[in-house]
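Structure data (PDB, C-alpha atoms and all ligand atoms) from coords-v6.pdb:
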```pdb
ATOM      1  CA  MET N  28      46.068 -93.895  95.142
ATOM      2  CA  ASP N  29      48.780 -96.231  93.842
ATOM      3  CA  ASN N  30      51.840 -95.378  95.955
ATOM      4  CA  SER N  31      54.139 -97.498  93.794
ATOM      5  CA  LEU N  32      53.969 -95.081  90.850
ATOM      6  CA  VAL N  33      56.106 -92.431  92.553
ATOM      7  CA  LEU N  34      58.560 -93.752  95.133
ATOM      8  CA  ILE N  35      59.201 -91.280  97.928
ATOM      9  CA  GLU N  36      62.345 -91.334 100.047
ATOM     10  CA  ASN N  37      63.016 -88.904 102.867
ATOM     11  CA  ASN N  38      66.619 -88.470 103.890
ATOM     12  CA  ASP N  39      66.679 -85.961 106.770
ATOM     13  CA  GLY N  40      64.353 -83.499 104.980
ATOM     14  CA  PHE N  41      65.801 -84.102 101.505
ATOM     15  CA  TYR N  42      63.151 -85.925  99.497
ATOM     16  CA  THR N  43      63.745 -88.006  96.384
ATOM     17  CA  LEU N  44      60.717 -88.701  94.194
ATOM     18  CA  THR N  45      61.277 -91.478  91.659
ATOM     19  CA  ILE N  46      58.718 -91.813  88.878
ATOM     20  CA  ASN N  47      58.373 -95.563  88.815
ATOM     21  CA  ARG N  48      56.974 -96.931  85.561
ATOM     22  CA  PRO N  49      60.184 -98.173  83.951
ATOM     23  CA  ASP N  50      58.324-100.541  81.577
ATOM     24  CA  ALA N  51      56.596 -97.482  80.065
ATOM     25  CA  LEU N  52      59.764 -95.363  80.287
ATOM     26  CA  ASN N  53      58.152 -93.600  83.263
ATOM     27  CA  ALA N  54      55.424 -92.024  81.116
ATOM     28  CA  LEU N  55      53.164 -89.713  83.101
ATOM     29  CA  ASN N  56      49.752 -91.286  83.532
ATOM     30  CA  LYS N  57      46.922 -90.113  85.776
ATOM     31  CA  GLY N  58      48.253 -92.127  88.715
ATOM     32  CA  VAL N  59      51.650 -90.427  88.520
ATOM     33  CA  PHE N  60      49.986 -87.009  88.465
ATOM     34  CA  ASP N  61      47.826 -87.984  91.460
ATOM     35  CA  ALA N  62      50.946 -88.979  93.410
ATOM     36  CA  LEU N  63      52.885 -85.822  92.469
ATOM     37  CA  GLU N  64      49.924 -83.616  93.352
ATOM     38  CA  ALA N  65      49.473 -85.385  96.699
ATOM     39  CA  PHE N  66      53.140 -84.957  97.604
ATOM     40  CA  PHE N  67      53.381 -81.263  96.734
ATOM     41  CA  SER N  68      50.086 -80.380  98.401
ATOM     42  CA  GLU N  69      50.903 -82.369 101.559
ATOM     43  CA  HIS N  70      54.227 -80.550 101.882
ATOM     44  CA  LYS N  71      52.985 -77.090 100.917
ATOM     45  CA  GLU N  72      53.413 -75.763 104.454
ATOM     46  CA  ASP N  73      56.256 -78.093 105.463
ATOM     47  CA  ARG N  74      59.054 -75.781 106.627
ATOM     48  CA  ASP N  75      61.306 -78.727 107.572
ATOM     49  CA  ILE N  76      61.663 -79.867 103.995
ATOM     50  CA  LYS N  77      65.092 -78.929 102.659
ATOM     51  CA  GLY N  78      64.659 -79.840  99.021
ATOM     52  CA  VAL N  79      63.265 -82.317  96.526
ATOM     53  CA  ILE N  80      64.891 -84.351  93.767
ATOM     54  CA  ILE N  81      62.749 -85.721  90.947
ATOM     55  CA  THR N  82      64.137 -88.573  88.873
ATOM     56  CA  GLY N  83      63.007 -91.603  86.880
ATOM     57  CA  ALA N  84      63.319 -95.308  87.701
ATOM     58  CA  GLY N  85      65.871 -97.278  85.719
ATOM     59  CA  SER N  86      68.731 -96.004  83.619
ATOM     60  CA  LYS N  87      66.956 -95.422  80.306
ATOM     61  CA  ALA N  88      64.448 -92.669  80.947
ATOM     62  CA  PHE N  89      63.730 -89.760  83.218
ATOM     63  CA  VAL N  90      60.224 -89.549  81.726
ATOM     64  CA  ALA N  91      59.389 -90.282  78.051
ATOM     65  CA  GLY N  92      56.354 -87.997  78.068
ATOM     66  CA  ALA N  93      52.707 -88.006  78.857
ATOM     67  CA  ASP N  94      51.242 -91.499  78.645
ATOM     68  CA  ILE N  95      50.231 -91.612  74.974
ATOM     69  CA  LYS N  96      48.025 -94.644  75.672
ATOM     70  CA  GLU N  97      45.671 -92.403  77.695
ATOM     71  CA  PHE N  98      45.117 -90.097  74.697
ATOM     72  CA  SER N  99      43.010 -92.308  72.426
ATOM     73  CA  SER N 100      39.666 -91.717  74.160
ATOM     74  CA  LEU N 101      40.051 -87.955  74.555
ATOM     75  CA  ASP N 102      37.961 -85.342  72.757
ATOM     76  CA  ALA N 103      38.785 -81.609  72.699
ATOM     77  CA  LYS N 104      37.231 -80.977  76.116
ATOM     78  CA  GLY N 105      38.912 -83.989  77.701
ATOM     79  CA  GLY N 106      42.253 -83.078  76.139
ATOM     80  CA  ALA N 107      42.119 -79.508  77.428
ATOM     81  CA  ALA N 108      41.211 -80.791  80.910
ATOM     82  CA  LEU N 109      44.113 -83.274  80.903
ATOM     83  CA  SER N 110      46.511 -80.560  79.797
ATOM     84  CA  LYS N 111      45.224 -78.043  82.379
ATOM     85  CA  ARG N 112      45.521 -80.626  85.152
ATOM     86  CA  GLY N 113      49.129 -81.373  84.155
ATOM     87  CA  GLN N 114      49.930 -77.669  84.020
ATOM     88  CA  ASP N 115      48.408 -77.140  87.475
ATOM     89  CA  VAL N 116      50.532 -79.909  89.015
ATOM     90  CA  PHE N 117      53.667 -78.543  87.343
ATOM     91  CA  PHE N 118      52.842 -75.051  88.686
ATOM     92  CA  MET N 119      52.782 -76.613  92.167
ATOM     93  CA  ILE N 120      56.356 -77.778  91.546
ATOM     94  CA  GLU N 121      57.520 -74.481  90.044
ATOM     95  CA  ARG N 122      55.961 -72.513  92.928
ATOM     96  CA  PHE N 123      57.110 -74.882  95.681
ATOM     97  CA  HIS N 124      58.795 -73.059  98.562
ATOM     98  CA  ALA N 125      61.810 -75.381  98.755
ATOM     99  CA  PRO N 126      64.141 -76.047  95.827
ATOM    100  CA  VAL N 127      63.259 -78.856  93.430
ATOM    101  CA  VAL N 128      65.999 -80.351  91.246
ATOM    102  CA  ALA N 129      65.374 -82.624  88.257
ATOM    103  CA  ALA N 130      67.972 -85.394  88.018
ATOM    104  CA  VAL N 131      67.553 -86.306  84.365
ATOM    105  CA  ASN N 132      68.713 -89.868  83.767
ATOM    106  CA  GLY N 133      67.903 -90.610  80.134
ATOM    107  CA  PHE N 134      64.978 -89.590  77.914
ATOM    108  CA  ALA N 135      63.171 -86.401  78.953
ATOM    109  CA  LEU N 136      60.650 -86.078  76.156
ATOM    110  CA  GLY N 137      57.380 -84.163  75.866
ATOM    111  CA  GLY N 138      55.841 -84.168  79.334
ATOM    112  CA  GLY N 139      59.198 -85.401  80.689
ATOM    113  CA  CYS N 140      61.070 -82.396  79.349
ATOM    114  CA  GLU N 141      58.177 -80.284  80.673
ATOM    115  CA  LEU N 142      58.397 -81.882  84.121
ATOM    116  CA  SER N 143      62.136 -81.162  84.249
ATOM    117  CA  MET N 144      61.507 -77.557  83.203
ATOM    118  CA  SER N 145      58.994 -77.040  86.003
ATOM    119  CA  CYS N 146      61.782 -77.894  88.469
ATOM    120  CA  HIS N 147      63.996 -75.047  89.655
ATOM    121  CA  ILE N 148      67.285 -76.624  88.566
ATOM    122  CA  ARG N 149      68.150 -79.418  86.112
ATOM    123  CA  VAL N 150      71.112 -81.808  86.298
ATOM    124  CA  ALA N 151      71.614 -84.202  83.382
ATOM    125  CA  GLY N 152      73.408 -87.502  83.144
ATOM    126  CA  SER N 153      75.620 -87.789  80.075
ATOM    127  CA  ASN N 154      73.011 -90.098  78.442
ATOM    128  CA  ALA N 155      70.140 -87.601  78.865
ATOM    129  CA  LYS N 156      68.139 -86.660  75.792
ATOM    130  CA  PHE N 157      65.691 -83.785  75.739
ATOM    131  CA  GLY N 158      62.953 -83.154  73.196
ATOM    132  CA  GLN N 159      59.420 -81.961  72.607
ATOM    133  CA  PRO N 160      58.214 -84.482  70.012
ATOM    134  CA  GLU N 161      54.496 -83.639  70.216
ATOM    135  CA  VAL N 162      54.301 -82.534  66.557
ATOM    136  CA  ASN N 163      55.166 -86.131  65.624
ATOM    137  CA  LEU N 164      51.797 -87.026  67.167
ATOM    138  CA  GLY N 165      49.997 -84.074  65.577
ATOM    139  CA  LEU N 166      49.903 -82.306  68.940
ATOM    140  CA  VAL N 167      51.255 -79.245  70.683
ATOM    141  CA  PRO N 168      52.890 -79.559  74.112
ATOM    142  CA  GLY N 169      50.356 -79.692  76.934
ATOM    143  CA  TYR N 170      52.262 -79.305  80.185
ATOM    144  CA  GLY N 171      53.891 -75.914  79.682
ATOM    145  CA  GLY N 172      56.561 -76.851  77.118
ATOM    146  CA  SER N 173      55.715 -74.109  74.637
ATOM    147  CA  GLN N 174      56.238 -71.525  77.386
ATOM    148  CA  ARG N 175      59.054 -72.803  79.608
ATOM    149  CA  LEU N 176      61.288 -73.950  76.751
ATOM    150  CA  VAL N 177      61.209 -70.402  75.353
ATOM    151  CA  GLN N 178      61.950 -69.013  78.841
ATOM    152  CA  LEU N 179      64.955 -71.291  79.259
ATOM    153  CA  ILE N 180      66.616 -71.405  75.843
ATOM    154  CA  GLY N 181      65.086 -68.530  73.846
ATOM    155  CA  LYS N 182      62.573 -68.350  71.013
ATOM    156  CA  GLY N 183      64.756 -69.412  68.082
ATOM    157  CA  LYS N 184      66.143 -72.665  69.439
ATOM    158  CA  ALA N 185      62.864 -73.442  71.235
ATOM    159  CA  LEU N 186      60.925 -73.126  67.992
ATOM    160  CA  GLU N 187      63.422 -75.334  66.191
ATOM    161  CA  MET N 188      63.122 -78.053  68.858
ATOM    162  CA  LEU N 189      59.327 -77.763  69.006
ATOM    163  CA  LEU N 190      58.842 -77.751  65.228
ATOM    164  CA  THR N 191      61.381 -80.430  64.226
ATOM    165  CA  ALA N 192      60.834 -82.690  67.285
ATOM    166  CA  ASP N 193      64.607 -83.262  67.243
ATOM    167  CA  MET N 194      66.175 -84.457  70.466
ATOM    168  CA  ILE N 195      69.252 -82.817  71.921
ATOM    169  CA  GLY N 196      71.880 -84.474  74.085
ATOM    170  CA  ALA N 197      73.127 -83.471  77.512
ATOM    171  CA  GLU N 198      76.082 -81.394  76.298
ATOM    172  CA  GLU N 199      73.918 -79.356  73.940
ATOM    173  CA  ALA N 200      71.345 -78.907  76.716
ATOM    174  CA  LEU N 201      74.173 -77.548  78.871
ATOM    175  CA  ARG N 202      75.351 -75.208  76.111
ATOM    176  CA  LEU N 203      71.797 -73.891  75.659
ATOM    177  CA  GLY N 204      71.203 -73.412  79.385
ATOM    178  CA  LEU N 205      68.488 -76.043  79.596
ATOM    179  CA  VAL N 206      70.536 -77.818  82.266
ATOM    180  CA  THR N 207      73.220 -76.436  84.556
ATOM    181  CA  HIS N 208      75.331 -79.580  85.042
ATOM    182  CA  VAL N 209      76.175 -82.692  83.068
ATOM    183  CA  VAL N 210      77.531 -85.590  85.119
ATOM    184  CA  GLU N 211      78.498 -89.174  84.453
ATOM    185  CA  SER N 212      75.410 -91.267  83.893
ATOM    186  CA  GLY N 213      74.188 -92.591  87.251
ATOM    187  CA  GLN N 214      75.574 -89.618  89.207
ATOM    188  CA  GLU N 215      72.597 -87.276  88.580
ATOM    189  CA  THR N 216      70.925 -87.647  91.962
ATOM    190  CA  ALA N 217      74.261 -87.348  93.801
ATOM    191  CA  LYS N 218      74.941 -84.042  92.039
ATOM    192  CA  ALA N 219      71.378 -82.869  92.667
ATOM    193  CA  MET N 220      71.802 -83.711  96.374
ATOM    194  CA  GLU N 221      75.084 -81.792  96.524
ATOM    195  CA  ILE N 222      73.301 -78.695  95.161
ATOM    196  CA  LEU N 223      70.398 -79.095  97.603
ATOM    197  CA  GLN N 224      72.749 -79.575 100.557
ATOM    198  CA  LYS N 225      74.476 -76.321  99.710
ATOM    199  CA  ILE N 226      71.146 -74.462  99.421
ATOM    200  CA  ALA N 227      70.032 -75.953 102.756
ATOM    201  CA  THR N 228      72.820 -74.007 104.508
ATOM    202  CA  LYS N 229      71.211 -70.703 103.397
ATOM    203  CA  GLY N 230      68.317 -68.840 104.967
ATOM    204  CA  PRO N 231      65.134 -70.863 104.186
ATOM    205  CA  LEU N 232      62.910 -67.758 103.963
ATOM    206  CA  ALA N 233      65.395 -66.059 101.623
ATOM    207  CA  VAL N 234      65.533 -69.221  99.485
ATOM    208  CA  GLN N 235      61.737 -69.410  99.338
ATOM    209  CA  GLN N 236      61.309 -65.752  98.412
ATOM    210  CA  THR N 237      64.073 -65.968  95.797
ATOM    211  CA  ILE N 238      62.189 -68.800  94.081
ATOM    212  CA  HIS N 239      59.003 -66.707  94.132
ATOM    213  CA  LEU N 240      60.848 -63.629  92.812
ATOM    214  CA  VAL N 241      62.378 -65.451  89.871
ATOM    215  CA  ASN N 242      58.967 -66.934  89.057
ATOM    216  CA  ALA N 243      57.513 -63.401  89.222
ATOM    217  CA  TYR N 244      59.706 -62.382  86.283
ATOM    218  CA  PHE N 245      57.619 -64.655  84.065
ATOM    219  CA  ASP N 246      54.251 -63.847  85.655
ATOM    220  CA  LYS N 247      52.598 -61.128  83.608
ATOM    221  CA  THR N 248      50.282 -60.249  86.515
ATOM    222  CA  VAL N 249      53.090 -59.422  88.964
ATOM    223  CA  ASP N 250      55.509 -56.458  89.126
ATOM    224  CA  GLY N 251      58.733 -58.295  89.928
ATOM    225  CA  PHE N 252      60.675 -55.185  90.948
ATOM    226  CA  LYS N 253      57.934 -54.166  93.378
ATOM    227  CA  LYS N 254      57.837 -57.678  94.760
ATOM    228  CA  GLU N 255      61.623 -57.578  95.146
ATOM    229  CA  TYR N 256      61.661 -54.476  97.381
ATOM    230  CA  GLU N 257      58.753 -55.870  99.381
ATOM    231  CA  ASP N 258      60.551 -59.193  99.826
ATOM    232  CA  PHE N 259      63.778 -57.404 100.696
ATOM    233  CA  GLY N 260      61.824 -55.731 103.510
ATOM    234  CA  LEU N 261      60.282 -59.041 104.518
ATOM    235  CA  THR N 262      63.632 -60.821 104.684
ATOM    236  CA  ILE N 263      65.531 -58.001 106.387
ATOM    237  CA  GLY N 264      62.919 -58.017 109.138
ATOM    238  CA  SER N 265      63.269 -61.756 109.687
ATOM    239  CA  GLU N 266      65.055 -63.658 112.447
ATOM    240  CA  GLU N 267      67.095 -65.428 109.829
ATOM    241  CA  SER N 268      68.576 -62.203 108.470
ATOM    242  CA  LYS N 269      69.477 -61.174 112.023
ATOM    243  CA  GLU N 270      71.392 -64.463 112.322
ATOM    244  CA  GLY N 271      72.954 -64.075 108.851
ATOM    245  CA  THR N 272      74.203 -60.536 109.425
ATOM    246  CA  ALA N 273      75.349 -61.259 113.020
ATOM    247  CA  ALA N 274      77.305 -64.284 111.776
ATOM    248  CA  PHE N 275      79.035 -62.133 109.164
ATOM    249  CA  ILE N 276      80.053 -59.525 111.738
ATOM    250  CA  GLU N 277      81.154 -62.178 114.257
ATOM    251  CA  LYS N 278      83.150 -63.964 111.515
ATOM    252  CA  ARG N 279      81.351 -67.291 111.955
ATOM    253  CA  LYS N 280      79.103 -69.487 109.845
ATOM    254  CA  ALA N 281      75.405 -68.624 110.029
ATOM    255  CA  VAL N 282      73.166 -71.327 111.480
ATOM    256  CA  PHE N 283      69.703 -71.017 109.967
ATOM    257  CA  ARG N 284      68.291 -74.402 110.906
ATOM    258  CA  LYS N 285      68.338 -75.748 114.439
TER     259      LYS N 285
HETATM  260  N1  LIG O   1      53.551 -93.096  76.637
HETATM  261  C1  LIG O   1      53.209 -94.408  76.820
HETATM  262  N2  LIG O   1      54.087 -95.415  76.692
HETATM  263  C2  LIG O   1      55.361 -95.110  76.340
HETATM  264  C3  LIG O   1      55.770 -93.784  76.115
HETATM  265  C4  LIG O   1      54.806 -92.748  76.297
HETATM  266  N3  LIG O   1      55.117 -91.445  76.170
HETATM  267  N4  LIG O   1      57.075 -93.801  75.767
HETATM  268  C5  LIG O   1      57.463 -95.080  75.768
HETATM  269  N5  LIG O   1      56.428 -95.879  76.118
HETATM  270  C6  LIG O   1      56.421 -97.351  76.224
HETATM  271  C7  LIG O   1      56.393 -98.017  74.863
HETATM  272  O1  LIG O   1      55.079 -98.052  74.356
HETATM  273  C8  LIG O   1      56.982 -99.363  75.194
HETATM  274  O2  LIG O   1      55.960-100.134  75.814
HETATM  275  P1  LIG O   1      55.637-101.642  75.261
HETATM  276  O3  LIG O   1      56.894-102.408  75.570
HETATM  277  O4  LIG O   1      54.456-102.064  76.085
HETATM  278  O5  LIG O   1      55.387-101.522  73.799
HETATM  279  C9  LIG O   1      58.009 -99.053  76.279
HETATM  280  O6  LIG O   1      57.637 -97.788  76.811
HETATM  281  C10 LIG O   1      59.419 -98.950  75.751
HETATM  282  O7  LIG O   1      59.440 -98.009  74.711
HETATM  283  P2  LIG O   1      60.039 -98.317  73.255
HETATM  284  O8  LIG O   1      59.939 -99.768  72.925
HETATM  285  O9  LIG O   1      59.423 -97.351  72.294
HETATM  286  O10 LIG O   1      61.586 -97.964  73.509
HETATM  287  P3  LIG O   1      62.649 -97.479  72.419
HETATM  288  O11 LIG O   1      63.973 -97.564  73.087
HETATM  289  O12 LIG O   1      62.479 -98.202  71.138
HETATM  290  O13 LIG O   1      62.289 -95.935  72.151
HETATM  291  C11 LIG O   1      61.649 -93.677  72.798
HETATM  292  C12 LIG O   1      62.423 -94.988  73.190
HETATM  293  C13 LIG O   1      62.381 -93.008  71.630
HETATM  294  C14 LIG O   1      61.680 -92.775  74.002
HETATM  295  C15 LIG O   1      60.210 -94.049  72.389
HETATM  296  O14 LIG O   1      59.641 -94.854  73.404
HETATM  297  C16 LIG O   1      59.334 -92.883  72.166
HETATM  298  O15 LIG O   1      59.417 -92.216  71.145
HETATM  299  N6  LIG O   1      58.389 -92.605  73.137
HETATM  300  C17 LIG O   1      57.401 -91.566  72.991
HETATM  301  C18 LIG O   1      58.012 -90.195  73.196
HETATM  302  C19 LIG O   1      56.973 -89.120  73.011
HETATM  303  O16 LIG O   1      56.399 -88.962  71.940
HETATM  304  N7  LIG O   1      56.730 -88.345  74.053
HETATM  305  C20 LIG O   1      55.770 -87.268  74.020
HETATM  306  C21 LIG O   1      54.426 -87.755  74.464
HETATM  307  S1  LIG O   1      53.149 -86.569  74.169
HETATM  308  C22 LIG O   1      53.274 -85.469  75.447
HETATM  309  O17 LIG O   1      54.100 -85.579  76.338
HETATM  310  C23 LIG O   1      52.263 -84.359  75.367
HETATM  311  C24 LIG O   1      52.312 -83.347  76.424
HETATM  312  O18 LIG O   1      53.132 -82.452  76.449
HETATM  313  C25 LIG O   1      51.229 -83.326  77.399
END
```
Would it be possible to restate this file's structure as structure tokens?
Ligand code: CAA
Amino acid sequence: MDNSLVLIENNDGFYTLTINRPDALNALNKGVFDALEAFFSEHKEDRDIKGVIITGAGSKAFVAGADIKEFSSLDAKGGAALSKRGQDVFFMIERFHAPVVAAVNGFALGGGCELSMSCHIRVAGSNAKFGQPEVNLGLVPGYGGSQRLVQLIGKGKALEMLLTADMIGAEEALRLGLVTHVVESGQETAKAMEILQKIATKGPLAVQQTIHLVNAYFDKTVDGFKKEYEDFGLTIGSEESKEGTAAFIEKRKAVFRK
């Protein structure tokens, strides 16, 4: 595996993953998917991880899409397999037990917009541009864009973006709820870290189960309300909720991580 395609930095349990193909505007090729898959499977059971930031190398692009240069040799079967593989890796991100924040520093197009949408939270730099331009190539989105864009911004605006291939800027993305913060360009990872540091002061099991519960809302095979009362029972029986409730009563800050 080529470890230079996704740079990994660990800062006391806060990981920053930087997609590192700036000459191709960080387009997602097979090597990038291999590296993302390896990271999220290696850390699947890692309870010391506090959060993950995903960003792109350079100041121009978060990720400008799937690598279009890998498309030319694909037939229908190969295309479906490529798309399914990308979806599977993005599900690993969406279902990860610790929070994942996209720090969007420039173009987030096609697979790049899709990667950001598989993250739990999105922070945009003021120069960020989001779009799903697949129809320009005679394609539909392949890494979940037709589903997650509707979930995040609603059917009407999602269809307009998907059908026109128009890009939207950071402020419009904020207005639509596609991102939750717009910061000065270059400050995306700092803002993402600030959010992760706040979440890291909360109960890790409660954080994990909250991520799973919100995902359950969109999973047609799961009864989210049932899962919520089950998870309420799970968390109330946990050591961390004993600490959280004791801290409240004793008028002190809860300490969830040793
Ligand atoms: N795949 C492969 N290479 C890409 C790329 C991509 N998605 N996006 C940019 N690049 C490469 C360019 O080919 C160029 O490389 P060369 O110098 O070797 O020619 C380099 O990155 C710089 O790009 P540009 O010269 O095009 O830069 P620009 O500033 O003129 O334009 C841009 C920037 C508007 C983002 C333009 O690069 C662009 O339109 N990129 C493609 C965006 C796109 O269509 N994304 C969707 C891909 S399909 C997809 O993602 C499907 C899916 O859901 C699975």
Selected residue of minimal separation from Phe123 in chain N among N:Ala197, N:Ile46, N:Ile76, N:Val150, counting all atoms listed in the file: N:Ile76
Find the residue from N:Gln174, N:Asn37, N:Asn56, N:Thr43 that sits nearest to ligand LIG 1 (chain O); use all atoms listed in the file when measuring.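 Distance minimum relative to ligand LIG 1 (chain O) lands on N:Asn56.
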To one decimal place in Å, what is the distance between CA of Val33 in chain N and CA of Val90 in chain N?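 Those two atoms sit 11.9 Å apart.
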Calculated over all atoms listed in the file, which of the candidates N:Leu232, N:Ala135, N:Val116, N:Leu44 has the smallest distance to ligand LIG 1 (chain O)?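 Among the listed residues, N:Ala135 lies closest to ligand LIG 1 (chain O).
Every residue that the PyMOL selection byres (((not hetatm)) within 7 of (chain O and resi 1)) selects in this file is listed here: Asp50, Ala51, Leu52, Ala54, Ala91, Gly92, Ala93, Asp94, Ile95, Lys96, Ser110, Phe134, Leu136, Gly137, Gly138, Gly139, Glu141, Gln159, Pro160, Glu161, Leu164, Val167, Pro168, Gly169, Tyr170 and Gly172 of chain N.
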Give as a PDB file with C-alpha atoms, keeping the file's coordinate frame the residues that the PyMOL selection byres (((chain N and resi 118) around 12) and not hetatm) matches when applied to the coordinates above.
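Resulting contents of selection-v5.pdb:
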```pdb
ATOM      1  CA  LEU N  63      52.885 -85.822  92.469  1.00  0.00           C
ATOM      2  CA  GLU N  64      49.924 -83.616  93.352  1.00  0.00           C
ATOM      3  CA  PHE N  67      53.381 -81.263  96.734  1.00  0.00           C
ATOM      4  CA  SER N  68      50.086 -80.380  98.401  1.00  0.00           C
ATOM      5  CA  LYS N 111      45.224 -78.043  82.379  1.00  0.00           C
ATOM      6  CA  ARG N 112      45.521 -80.626  85.152  1.00  0.00           C
ATOM      7  CA  GLY N 113      49.129 -81.373  84.155  1.00  0.00           C
ATOM      8  CA  GLN N 114      49.930 -77.669  84.020  1.00  0.00           C
ATOM      9  CA  ASP N 115      48.408 -77.140  87.475  1.00  0.00           C
ATOM     10  CA  VAL N 116      50.532 -79.909  89.015  1.00  0.00           C
ATOM     11  CA  PHE N 117      53.667 -78.543  87.343  1.00  0.00           C
ATOM     12  CA  MET N 119      52.782 -76.613  92.167  1.00  0.00           C
ATOM     13  CA  ILE N 120      56.356 -77.778  91.546  1.00  0.00           C
ATOM     14  CA  GLU N 121      57.520 -74.481  90.044  1.00  0.00           C
ATOM     15  CA  ARG N 122      55.961 -72.513  92.928  1.00  0.00           C
ATOM     16  CA  PHE N 123      57.110 -74.882  95.681  1.00  0.00           C
ATOM     17  CA  HIS N 124      58.795 -73.059  98.562  1.00  0.00           C
ATOM     18  CA  GLU N 141      58.177 -80.284  80.673  1.00  0.00           C
ATOM     19  CA  LEU N 142      58.397 -81.882  84.121  1.00  0.00           C
ATOM     20  CA  SER N 143      62.136 -81.162  84.249  1.00  0.00           C
ATOM     21  CA  MET N 144      61.507 -77.557  83.203  1.00  0.00           C
ATOM     22  CA  SER N 145      58.994 -77.040  86.003  1.00  0.00           C
ATOM     23  CA  CYS N 146      61.782 -77.894  88.469  1.00  0.00           C
ATOM     24  CA  HIS N 147      63.996 -75.047  89.655  1.00  0.00           C
ATOM     25  CA  TYR N 170      52.262 -79.305  80.185  1.00  0.00           C
ATOM     26  CA  GLY N 171      53.891 -75.914  79.682  1.00  0.00           C
ATOM     27  CA  ARG N 175      59.054 -72.803  79.608  1.00  0.00           C
ATOM     28  CA  HIS N 239      59.003 -66.707  94.132  1.00  0.00           C
ATOM     29  CA  ASN N 242      58.967 -66.934  89.057  1.00  0.00           C
ATOM     30  CA  ASP N 246      54.251 -63.847  85.655  1.00  0.00           C
TER      31      ASP N 246
END
```
The PyMOL selection byres (((chain N and resi 270) around 12) and not hetatm) resolved against shown file, as a list of chain:residue names: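 Answer for the PyMOL selection byres (((chain N and resi 270) around 12) and not hetatm): N:Lys229, N:Gly230, N:Thr262, N:Ile263, N:Gly264, N:Ser265, N:Glu266, N:Glu267, N:Ser268, N:Lys269, N:Gly271, N:Thr272, N:Ala273, N:Ala274, N:Phe275, N:Ile276, N:Glu277, N:Lys278, N:Arg279, N:Lys280, N:Ala281, N:Val282, N:Phe283, N:Arg284, N:Lys285.
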With a distance cut-off of 7 Å and all atoms listed in the file, select the neighbouring residues of Ala192 in chain N, excluding the residue or stretch itself and same-chain residues fewer than 3 positions from it, and output the selection as JSON, numbers by chain. {"N": [158, 159, 160, 162, 163, 188, 189]}
Could you write out as lines of an AutoDock Vina configuration file the box around range 177-193 of chain N (axis-aligned, all atoms listed in the file, 3 Å on each side), with centre and edge lengths in Å to one decimal?
```
center_x = 62.7
center_y = -75.8
center_z = 71.7
size_x = 13.8
size_y = 20.9
size_z = 21.0
```
Between N:Gly251, N:Gly183, N:Gly213, N:Gly196, single out the one closest to Gly83 in chain N, counting all atoms listed in the file. N:Gly213
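Residues surrounding Pro231 in chain N within 8 Å are N:Ala125, N:Ala227, N:Val234, N:Gln235, N:Phe283 [all atoms listed in the file; sequence separation below 3 positions excluded].
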CA of Ser212 in chain N to CA of Ala151 in chain N: how many Å, to one decimal? 8.0 Å
Just how far from CA of Ile35 in chain N is CA of Thr237 in chain N, in Å to one decimal?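 It comes out at 25.9 Å.
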